[in-house]
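So this block is target_2.cif, mmCIF, C-alpha atoms:
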```cif
data_input
loop_
_atom_site.label_atom_id
_atom_site.label_comp_id
_atom_site.auth_asym_id
_atom_site.auth_seq_id
_atom_site.Cartn_x
_atom_site.Cartn_y
_atom_site.Cartn_z
CA MET A 630 14.52 -0.90 91.51
CA PRO A 631 12.17 -3.81 90.68
CA LEU A 632 9.40 -4.61 93.09
CA ASP A 633 10.16 -7.81 95.00
CA THR A 634 6.91 -9.69 95.39
CA GLY A 635 8.51 -12.66 97.12
CA ARG A 636 6.37 -15.74 97.05
CA VAL A 637 3.08 -13.86 96.70
CA SER A 638 1.14 -15.49 93.91
CA HIS A 639 -1.18 -12.51 93.33
CA LEU A 640 0.00 -8.94 93.27
CA HIS A 641 -2.51 -6.37 94.43
CA LEU A 642 -1.75 -2.75 93.51
CA VAL A 643 -3.62 -0.01 95.29
CA ALA A 644 -4.25 3.53 94.29
CA ASP A 645 -2.40 6.43 95.78
CA GLY A 646 -5.34 7.36 97.96
CA GLU A 647 -5.35 3.88 99.55
CA ARG A 648 -1.62 3.81 100.32
CA GLU A 649 -0.07 5.23 103.35
CA ASP A 650 2.74 6.80 101.35
CA ALA A 651 0.33 8.84 99.22
CA PRO A 652 2.79 11.76 98.80
CA LEU A 653 4.65 9.52 96.38
CA ALA A 654 2.03 10.34 93.69
CA GLU A 655 2.96 13.96 93.73
CA HIS A 656 6.12 13.28 91.74
CA GLN A 657 4.65 10.51 89.58
CA PRO A 658 4.63 11.29 85.81
CA SER A 659 1.17 12.24 84.54
CA ILE A 660 -0.71 11.19 81.44
CA ASP A 661 0.71 14.17 79.55
CA HIS A 662 4.30 13.09 80.20
CA GLY A 663 6.51 12.14 77.28
CA VAL A 664 5.98 12.34 73.55
CA ASP A 665 2.99 9.96 73.48
CA ILE A 666 0.75 7.88 75.69
CA GLY A 667 3.15 4.91 75.53
CA SER A 668 6.02 6.98 76.94
CA ALA A 669 3.77 8.32 79.71
CA LEU A 670 2.72 4.80 80.75
CA ARG A 671 6.33 3.55 80.71
CA ALA A 672 7.50 6.48 82.81
CA ALA A 673 4.72 5.91 85.37
CA ARG A 674 5.53 2.19 85.53
CA GLU A 675 9.25 2.76 86.03
CA PHE A 676 8.49 5.42 88.64
CA ARG A 677 6.58 2.83 90.65
CA GLY A 678 9.32 0.24 90.14
CA LEU A 679 7.10 -2.26 88.32
CA THR A 680 8.19 -4.61 85.58
CA LEU A 681 6.27 -5.44 82.44
CA GLN A 682 5.45 -8.83 83.89
CA ASP A 683 4.03 -7.17 87.01
CA VAL A 684 1.67 -5.06 84.86
CA ALA A 685 0.75 -8.09 82.75
CA ASP A 686 -0.12 -10.07 85.88
CA ALA A 687 -2.15 -7.22 87.36
CA THR A 688 -4.12 -6.40 84.20
CA ARG A 689 -4.30 -9.96 82.80
CA ILE A 690 -2.99 -8.52 79.49
CA ARG A 691 -0.48 -10.44 77.40
CA LEU A 692 3.12 -9.32 77.98
CA SER A 693 3.76 -8.77 74.27
CA TYR A 694 0.76 -6.42 74.16
CA ILE A 695 2.15 -4.37 77.09
CA GLU A 696 5.48 -3.99 75.28
CA ALA A 697 3.81 -3.03 72.00
CA LEU A 698 1.53 -0.56 73.80
CA GLU A 699 4.45 1.31 75.40
CA ASP A 700 6.18 1.52 71.99
CA LEU A 701 2.84 2.17 70.16
CA ARG A 702 3.49 -0.65 67.72
CA LEU A 703 -0.12 -0.78 66.58
CA ASP A 704 0.47 -3.52 64.02
CA GLU A 705 1.25 -5.93 66.91
CA LEU A 706 -1.87 -4.98 68.87
CA PRO A 707 -5.41 -6.31 68.38
CA SER A 708 -8.24 -4.18 67.03
CA ARG A 709 -8.65 -0.57 68.15
CA PRO A 710 -11.50 -1.18 70.68
CA PHE A 711 -9.37 -3.81 72.51
CA THR A 712 -6.33 -1.50 72.49
CA ILE A 713 -8.36 1.32 74.03
CA GLY A 714 -9.47 -1.08 76.80
CA TYR A 715 -5.83 -2.07 77.44
CA VAL A 716 -4.78 1.60 77.76
CA LYS A 717 -7.55 2.29 80.26
CA SER A 718 -6.72 -0.78 82.37
CA TYR A 719 -2.96 -0.01 82.25
CA ALA A 720 -3.56 3.57 83.43
CA LYS A 721 -5.82 2.49 86.32
CA VAL A 722 -3.24 -0.03 87.55
CA LEU A 723 -0.67 2.79 87.72
CA GLY A 724 -3.10 5.03 89.61
CA LEU A 725 -3.75 7.32 86.62
CA ASP A 726 -7.02 8.55 85.12
CA GLY A 727 -8.16 5.92 82.64
CA ASP A 728 -10.46 8.25 80.66
CA ALA A 729 -7.68 10.84 80.32
CA ALA A 730 -5.31 8.11 79.10
CA VAL A 731 -7.85 7.00 76.49
CA ALA A 732 -8.33 10.61 75.37
CA ARG A 733 -4.59 11.09 74.84
CA PHE A 734 -4.37 7.74 72.99
CA LYS A 735 -7.04 8.94 70.55
CA VAL A 736 -5.12 12.17 70.03
CA ASP A 737 -1.78 10.41 69.51
CA VAL A 738 -3.25 7.65 67.37
CA PRO A 739 -6.25 9.07 65.44
CA ASP A 740 -8.70 6.71 63.77
CA ASP A 741 -8.36 6.88 59.96
CA SER A 742 -11.82 5.40 59.43
CA GLU A 743 -13.60 8.33 61.09
CA PRO A 744 -14.72 11.08 58.69
CA LEU A 745 -13.07 14.47 58.92
CA ARG A 746 -15.00 17.08 60.77
CA ALA A 747 -15.99 20.33 59.12
CA PRO A 748 -13.88 23.35 59.99
CA VAL A 749 -15.23 25.40 62.86
CA GLY A 750 -16.80 28.69 61.82
CA VAL A 751 -17.29 27.79 58.14
CA ARG A 752 -20.83 27.74 56.71
CA HIS A 753 -21.86 26.11 53.48
CA GLU A 754 -24.31 28.47 51.84
CA ARG A 755 -26.21 27.54 48.68
CA ASP A 756 -27.41 29.88 46.00
CA PRO A 757 -31.11 30.60 46.75
CA ARG A 758 -31.82 30.94 43.02
CA LEU A 759 -30.91 27.31 42.45
CA GLY A 760 -33.97 26.08 44.35
CA LEU A 761 -36.23 28.51 42.49
CA ILE A 762 -34.91 27.38 39.09
CA LEU A 763 -35.36 23.73 40.07
CA ALA A 764 -38.95 24.29 41.22
CA LEU A 765 -39.77 26.19 38.01
CA GLY A 766 -38.39 23.35 35.88
CA VAL A 767 -40.48 20.78 37.76
CA LEU A 768 -43.62 22.89 37.22
CA ILE A 769 -42.95 23.19 33.48
CA VAL A 770 -42.41 19.45 33.08
CA ALA A 771 -45.57 18.69 35.08
CA ALA A 772 -47.60 21.12 32.94
CA ILE A 773 -46.37 19.52 29.70
CA VAL A 774 -47.20 16.02 30.96
CA LEU A 775 -50.70 17.06 32.08
CA TRP A 776 -51.37 18.79 28.75
CA ASN A 777 -50.38 15.68 26.77
CA VAL A 778 -52.53 13.46 28.97
CA ALA A 779 -55.52 15.78 28.53
CA GLN A 780 -55.09 15.92 24.74
CA ARG A 781 -54.92 12.14 24.47
CA ALA A 782 -57.99 11.72 26.65
CA ILE A 783 -59.95 14.19 24.51
CA ALA A 784 -58.83 12.55 21.26
CA LYS A 785 -59.68 9.10 22.63
CA ASP A 786 -63.18 10.06 23.78
CA ALA A 787 -64.14 12.00 20.62
CA PRO A 788 -65.30 9.64 17.81
CA PRO A 789 -64.04 10.29 14.27
CA ALA A 790 -66.28 12.57 12.21
CA GLN A 791 -66.71 10.02 9.43
CA VAL A 792 -67.64 7.22 11.83
CA ALA A 793 -70.15 9.45 13.63
CA GLN A 794 -71.70 10.55 10.31
CA GLU A 795 -72.01 7.01 8.95
CA HIS A 796 -73.48 5.86 12.27
CA ALA A 797 -76.09 8.63 12.11
CA VAL A 798 -77.00 7.69 8.53
CA ALA A 799 -77.25 4.02 9.47
CA VAL A 800 -79.52 4.86 12.39
CA ALA A 801 -81.72 7.06 10.17
CA ASN A 802 -82.03 4.37 7.50
CA ALA A 803 -82.58 1.52 9.96
CA PRO A 804 -86.00 -0.14 9.82
CA PRO A 805 -88.41 0.61 12.65
CA PRO A 806 -88.28 -1.78 15.59
CA VAL A 807 -90.58 -4.76 15.44
CA PRO A 808 -93.41 -4.44 17.96
CA VAL A 809 -93.62 -7.16 20.54
CA ASP A 810 -96.79 -9.20 20.47
CA PRO A 811 -98.08 -9.53 24.04
CA ASN A 812 -100.10 -12.62 23.05
CA ALA A 813 -97.08 -14.44 21.63
CA ALA A 814 -96.24 -17.79 23.10
CA PRO A 815 -93.36 -17.80 25.58
CA GLY A 816 -90.04 -18.71 24.03
CA SER A 817 -90.94 -17.46 20.53
CA VAL A 818 -88.68 -14.84 18.95
CA PRO A 819 -90.16 -12.38 16.42
CA LEU A 820 -88.13 -11.85 13.28
CA GLY A 821 -87.85 -8.42 11.72
CA ALA A 822 -86.93 -7.22 8.26
CA PRO A 823 -83.55 -8.29 6.88
CA LEU A 824 -80.69 -5.91 7.60
CA PRO A 825 -79.17 -3.87 4.74
CA ALA A 826 -75.87 -4.85 3.22
CA PRO A 827 -72.74 -3.52 4.99
CA VAL A 828 -71.28 -0.23 3.79
CA GLU A 829 -68.56 -0.57 1.16
CA SER A 830 -69.16 -4.29 0.84
CA THR A 831 -67.21 -4.71 -2.37
CA THR A 832 -65.41 -7.71 -3.74
CA PRO A 833 -61.74 -7.06 -4.44
CA GLU A 834 -60.60 -7.27 -8.00
CA PRO A 835 -58.96 -10.63 -8.74
CA TYR A 836 -55.24 -10.47 -9.28
CA LYS A 837 -54.08 -10.93 -12.85
CA THR A 838 -50.53 -11.95 -13.61
CA PRO A 839 -48.80 -9.29 -15.77
CA GLY A 840 -48.24 -10.56 -19.33
CA LEU A 841 -50.66 -13.46 -18.97
CA ASP A 842 -52.93 -12.18 -21.76
CA ASP A 843 -50.01 -11.65 -24.12
CA ALA A 844 -48.70 -15.13 -23.38
CA ALA A 845 -52.10 -16.69 -24.03
CA ALA A 846 -52.51 -14.76 -27.28
CA ASN A 847 -49.09 -15.90 -28.53
CA GLY A 848 -49.25 -19.53 -27.58
CA GLY A 849 -47.50 -19.16 -24.21
CA SER A 850 -44.21 -17.90 -25.68
CA ALA A 851 -42.14 -15.79 -23.27
CA ASP A 852 -40.35 -14.15 -26.18
CA ALA A 853 -43.67 -13.11 -27.67
CA VAL A 854 -44.68 -11.53 -24.34
CA THR A 855 -41.42 -9.53 -24.21
CA ALA A 856 -41.82 -8.40 -27.81
CA ALA A 857 -45.43 -7.30 -27.22
CA SER A 858 -44.36 -5.32 -24.15
CA LYS A 859 -41.62 -3.55 -26.13
CA VAL A 860 -44.08 -2.72 -28.90
CA ARG A 861 -46.53 -1.13 -26.44
CA ALA A 862 -43.72 0.87 -24.81
CA ALA A 863 -42.53 2.11 -28.21
CA GLU A 864 -46.05 3.14 -29.22
CA ALA A 865 -46.53 5.00 -25.92
CA ALA A 866 -43.18 6.79 -26.33
CA LYS A 867 -44.09 7.76 -29.92
CA ALA A 868 -47.38 9.17 -28.71
CA GLY A 869 -45.59 11.14 -25.96
CA VAL A 870 -47.34 9.26 -23.11
CA ASP A 871 -45.43 8.13 -20.02
CA PRO A 872 -46.30 4.45 -19.37
CA ASN A 873 -46.24 5.12 -15.60
CA GLN A 874 -48.83 7.88 -16.03
CA ALA A 875 -51.18 5.83 -18.19
CA VAL A 876 -54.74 5.56 -16.87
CA LYS A 877 -56.47 2.20 -17.07
CA VAL A 878 -59.95 3.51 -17.81
CA GLY A 879 -62.73 1.25 -16.62
CA THR A 880 -60.86 -0.23 -13.66
CA PRO A 881 -63.42 -0.80 -10.89
CA PHE A 882 -63.05 1.14 -7.68
CA ARG A 883 -61.46 -0.78 -4.82
CA ALA A 884 -61.16 0.69 -1.33
CA LYS A 885 -57.49 0.54 -0.31
CA GLY A 886 -57.93 2.67 2.80
CA ALA A 887 -60.44 4.82 4.63
CA VAL A 888 -63.25 6.38 2.57
CA TYR A 889 -64.24 9.88 3.72
CA GLY A 890 -66.96 12.29 2.64
CA ALA A 891 -70.63 11.57 2.05
CA ALA A 892 -72.43 8.39 3.01
CA PRO A 893 -73.20 5.92 0.19
CA ALA A 894 -76.89 6.90 0.28
CA GLU A 895 -76.03 10.60 -0.22
CA ALA A 896 -73.15 10.18 -2.68
CA SER A 897 -73.15 11.51 -6.21
CA GLY A 898 -71.16 8.60 -7.63
CA LEU A 899 -67.93 10.62 -7.87
CA ILE A 900 -64.93 9.29 -5.86
CA LEU A 901 -61.44 10.78 -5.67
CA GLN A 902 -58.80 8.25 -4.61
CA ALA A 903 -55.20 9.15 -3.74
CA ARG A 904 -52.47 7.24 -5.57
CA LYS A 905 -49.81 8.74 -3.32
CA PRO A 906 -49.79 11.14 -0.35
CA ALA A 907 -51.23 14.56 -1.21
CA SER A 908 -53.55 17.20 0.27
CA LEU A 909 -57.25 17.52 -0.61
CA ASN A 910 -59.37 20.55 0.28
CA VAL A 911 -63.08 20.67 -0.68
CA HIS A 912 -65.00 23.94 -0.21
CA ASP A 913 -67.91 25.83 -1.72
CA ALA A 914 -67.84 29.03 -3.77
CA ASN A 915 -67.86 31.16 -0.60
CA GLY A 916 -64.76 29.43 0.77
CA GLN A 917 -66.56 27.43 3.48
CA ILE A 918 -64.60 24.23 4.09
CA TYR A 919 -66.49 20.99 3.54
CA PHE A 920 -63.54 18.59 3.81
CA ALA A 921 -59.80 19.06 4.34
CA ARG A 922 -57.23 16.32 4.90
CA TRP A 923 -53.78 15.14 3.96
CA MET A 924 -54.68 11.94 2.12
CA ALA A 925 -52.50 8.88 2.39
CA ALA A 926 -52.04 6.45 -0.49
CA GLY A 927 -55.24 4.41 -0.93
CA GLU A 928 -57.57 6.80 0.95
CA ALA A 929 -60.58 8.11 -0.96
CA PHE A 930 -63.16 10.92 -0.82
CA ARG A 931 -66.80 10.28 -1.79
CA ALA A 932 -68.41 13.44 -3.21
CA PRO A 933 -71.92 14.42 -2.03
CA ARG A 934 -74.86 15.21 -4.29
CA ASN A 935 -75.01 18.91 -3.47
CA GLY A 936 -73.35 20.91 -6.22
CA GLY A 937 -71.11 23.94 -6.14
CA LEU A 938 -68.19 22.24 -4.38
CA ILE A 939 -64.62 22.87 -5.52
CA ALA A 940 -61.66 20.55 -4.96
CA GLU A 941 -58.11 21.87 -4.46
CA VAL A 942 -55.23 19.38 -4.45
CA SER A 943 -51.47 19.72 -4.07
CA ASP A 944 -50.73 17.24 -6.89
CA PRO A 945 -53.41 16.62 -9.56
CA GLN A 946 -51.71 13.44 -10.81
CA ALA A 947 -51.96 11.96 -7.32
CA PHE A 948 -55.79 11.61 -7.49
CA GLU A 949 -57.76 9.22 -9.67
CA VAL A 950 -61.36 10.05 -10.62
CA TYR A 951 -64.00 7.30 -10.41
CA ASN A 952 -67.53 7.69 -11.76
CA GLY A 953 -70.13 5.07 -11.04
CA GLY A 954 -67.50 2.78 -9.52
CA ALA A 955 -65.18 2.81 -12.57
CA LEU A 956 -61.97 4.75 -13.26
CA THR A 957 -62.48 7.53 -15.79
CA SER A 958 -59.44 9.82 -15.53
CA ARG A 959 -57.11 11.69 -13.23
CA MET A 960 -57.46 15.26 -12.05
CA GLY A 961 -56.01 17.54 -14.65
CA ALA A 962 -55.67 20.75 -12.62
CA PRO A 963 -54.95 21.69 -9.00
CA VAL A 964 -58.39 23.36 -8.74
CA SER A 965 -61.43 21.66 -10.25
CA ALA A 966 -65.17 21.87 -9.70
CA LEU A 967 -66.58 18.51 -8.64
CA GLY A 968 -69.47 18.95 -11.04
CA LYS A 969 -67.06 19.02 -14.01
CA LEU A 970 -65.42 15.78 -12.90
CA VAL A 971 -68.70 13.89 -13.05
CA VAL A 972 -68.97 12.02 -16.35
CA ALA A 973 -72.48 11.55 -17.71
CA PRO A 974 -73.30 7.97 -18.65
CA ALA A 975 -72.95 7.27 -22.34
CA ALA A 976 -76.21 7.15 -24.28
CA PRO A 977 -77.06 3.70 -25.56
CA ALA A 978 -76.37 3.18 -29.24
CA PRO A 979 -79.53 3.09 -31.40
CA ALA A 980 -80.63 -0.34 -32.40
CA PRO A 981 -79.96 -1.13 -36.08
CA VAL A 982 -83.08 -0.85 -38.28
CA ALA A 983 -83.76 -3.96 -40.29
CA ALA A 984 -83.95 -3.29 -44.03
CA ALA A 985 -87.28 -3.92 -45.73
CA PRO A 986 -87.24 -7.05 -47.84
CA GLN A 987 -86.92 -6.32 -51.55
CA PRO A 988 -89.44 -7.96 -53.85
CA LYS A 989 -88.02 -10.67 -56.02
CA PRO A 990 -88.03 -9.89 -59.72
CA ALA A 991 -90.60 -11.82 -61.69
CA VAL A 992 -89.18 -14.43 -64.02
CA ALA A 993 -91.05 -14.82 -67.29
CA SER A 994 -91.77 -18.34 -68.24
CA PRO A 995 -90.57 -19.37 -71.72
CA ALA A 996 -93.20 -19.18 -74.50
CA LYS A 997 -94.42 -22.38 -75.90
CA PRO A 998 -93.72 -22.96 -79.62
CA GLN A 999 -96.64 -22.62 -82.01
CA GLY A 1000 -97.89 -25.85 -83.36
#
```
Would you mind giving the structure from this file in structure tokens?
Amino acid sequence: MPLDTGRVSHLHLVADGEREDAPLAEHQPSIDHGVDIGSALRAAREFRGLTLQDVADATRIRLSYIEALEDLRLDELPSRPFTIGYVKSYAKVLGLDGDAAVARFKVDVPDDSEPLRAPVGVRHERDPRLGLILALGVLIVAAIVLWNVAQRAIAKDAPPAQVAQEHAVAVANAPPPVPVDPNAAPGSVPLGAPLPAPVESTTPEPYKTPGLDDAAANGGSADAVTAASKVRAAEAAKAGVDPNQAVKVGTPFRAKGAVYGAAPAEASGLILQARKPASLNVHDANGQIYFARWMAAGEAFRAPRNGGLIAEVSDPQAFEVYNGGALTSRMGAPVSALGKLVVAPAAPAPAPVAAAPQPKPAVASPAKPQG
């Protein structure tokens, strides 16, 4: 039967403990009544004879929300925190435990956004060897990195052997320092001896256009240049000489890369220059290494004056032999003594002897006729 409030503008509901007919709560449906929390709240409301409007007036909750809450139509309710507050207020108005009502609401309507809890009694154990393998890998990587850093630092600090040797020779050949005159006027600067010329201060060979000489010799005719080139190629093929392997004897030496070996002051005049990449190993008769390097194209080796050195190369045709700054030949064998590659300077040709003047024959004068 609905509760008749008469003309009372405000309805005040009291708990069972405050009412004189408290035994009525003994038969009131509890929070666990029904299939869900909405059914339990509806049953408790109907047991007390209250209408939906009575509950809406007492809780100040919108009537449509009360209806949706009893039917658990969550799509018609506001956000979850507000709905939980409505359930708690609704339960307290009916004299029920608000916290228990909220607990059952959370059970009946679980929150999908909350992560699932791990099963009780299940432990996630990891393989202990995995951590050991990971630590070992980190140590190996760290050792490799440190080794590379140390090697680069050592290589950066150590000067090249050739640079150190040339620096020592330059220091040994440098003129003595000029003494400072204590009686010199202030502001005057003493001048010492002139410095020596820089090492390997050579002038590059001027570029010559191929075929320019042939064109000049034949009046500038391009056909004549082509014909002369074909004639030279035919003569080289007849002689069994590969034009690519021909040696231009007398070509001056020009540094096209680094020059290793002896300093210019201690050189013998013999220079081996690589035409293409090849290995060069210089040692004495006892096998003691004097120089060993994989030579790049353009790099050269300056032979010292001390004799008895032997040169071993991987490709004899890859090295050109210069004597006195001029090209003389190419290495003919993989193993050659440096002393045999040195070409002695040609002896000057004897000056022509002038022939002694021949006496002129006497010419007899004609005899005069007898008178």
Closest of A:Leu725, A:Ala669, A:Met924, A:Ile660 to Asp700 of chain A - atom-to-atom distances counting all atoms listed in the file: A:Ala669
Atom pair atom CA of Pro823 of chain A / atom CA of Ala891 of chain A: separation (Å):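 Straight-line distance from atom CA of Pro823 of chain A to atom CA of Ala891 of chain A works out to 24.2 Å.
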Residue nearest Ile690 of chain A - candidates A:Ala926, A:Ala779, A:Val722, A:Ile666, atoms counted: all atoms listed in the file: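 Ranked by minimum distance to Ile690 of chain A, first place goes to A:Val722.
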List the residues selected by the PyMOL selection byres ((chain A and resi 692) around 12) in the file shown, writing them as an mmCIF file with C-alpha atoms, keeping the file's coordinate frame.
```
data_model
loop_
_atom_site.group_PDB
_atom_site.id
_atom_site.type_symbol
_atom_site.label_atom_id
_atom_site.label_comp_id
_atom_site.auth_asym_id
_atom_site.auth_seq_id
_atom_site.Cartn_x
_atom_site.Cartn_y
_atom_site.Cartn_z
ATOM 1 C CA THR A 680 8.190 -4.610 85.580
ATOM 2 C CA LEU A 681 6.270 -5.440 82.440
ATOM 3 C CA GLN A 682 5.450 -8.830 83.890
ATOM 4 C CA ASP A 683 4.030 -7.170 87.010
ATOM 5 C CA VAL A 684 1.670 -5.060 84.860
ATOM 6 C CA ALA A 685 0.750 -8.090 82.750
ATOM 7 C CA ASP A 686 -0.120 -10.070 85.880
ATOM 8 C CA ALA A 687 -2.150 -7.220 87.360
ATOM 9 C CA THR A 688 -4.120 -6.400 84.200
ATOM 10 C CA ARG A 689 -4.300 -9.960 82.800
ATOM 11 C CA ILE A 690 -2.990 -8.520 79.490
ATOM 12 C CA ARG A 691 -0.480 -10.440 77.400
ATOM 13 C CA SER A 693 3.760 -8.770 74.270
ATOM 14 C CA TYR A 694 0.760 -6.420 74.160
ATOM 15 C CA ILE A 695 2.150 -4.370 77.090
ATOM 16 C CA GLU A 696 5.480 -3.990 75.280
ATOM 17 C CA ALA A 697 3.810 -3.030 72.000
ATOM 18 C CA LEU A 698 1.530 -0.560 73.800
ATOM 19 C CA GLU A 699 4.450 1.310 75.400
ATOM 20 C CA GLU A 705 1.250 -5.930 66.910
ATOM 21 C CA LEU A 706 -1.870 -4.980 68.870
ATOM 22 C CA TYR A 715 -5.830 -2.070 77.440
ATOM 23 C CA TYR A 719 -2.960 -0.010 82.250
#
```
Evaluate the PyMOL selection byres ((chain A and resi 956) around 6) and report residues as an MDAnalysis selection string: chainID A and resid 878:880 950:951 955 957
Point-to-point distance in Å for atom CA of Lys717 of chain A and atom CA of Leu679 of chain A: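 That distance, rounded to one decimal, is 17.3 Å.
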Answer key for the PyMOL selection byres ((chain A and resi 945) around 8), residues as a PyMOL selection string: chain A and resi 942-944+946-948+959-963
Atomic separation - atom CA of Gln902 of chain A relative to atom CA of Ala887 of chain A, Å: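 Straight-line distance from atom CA of Ala887 of chain A to atom CA of Gln902 of chain A works out to 10.0 Å.
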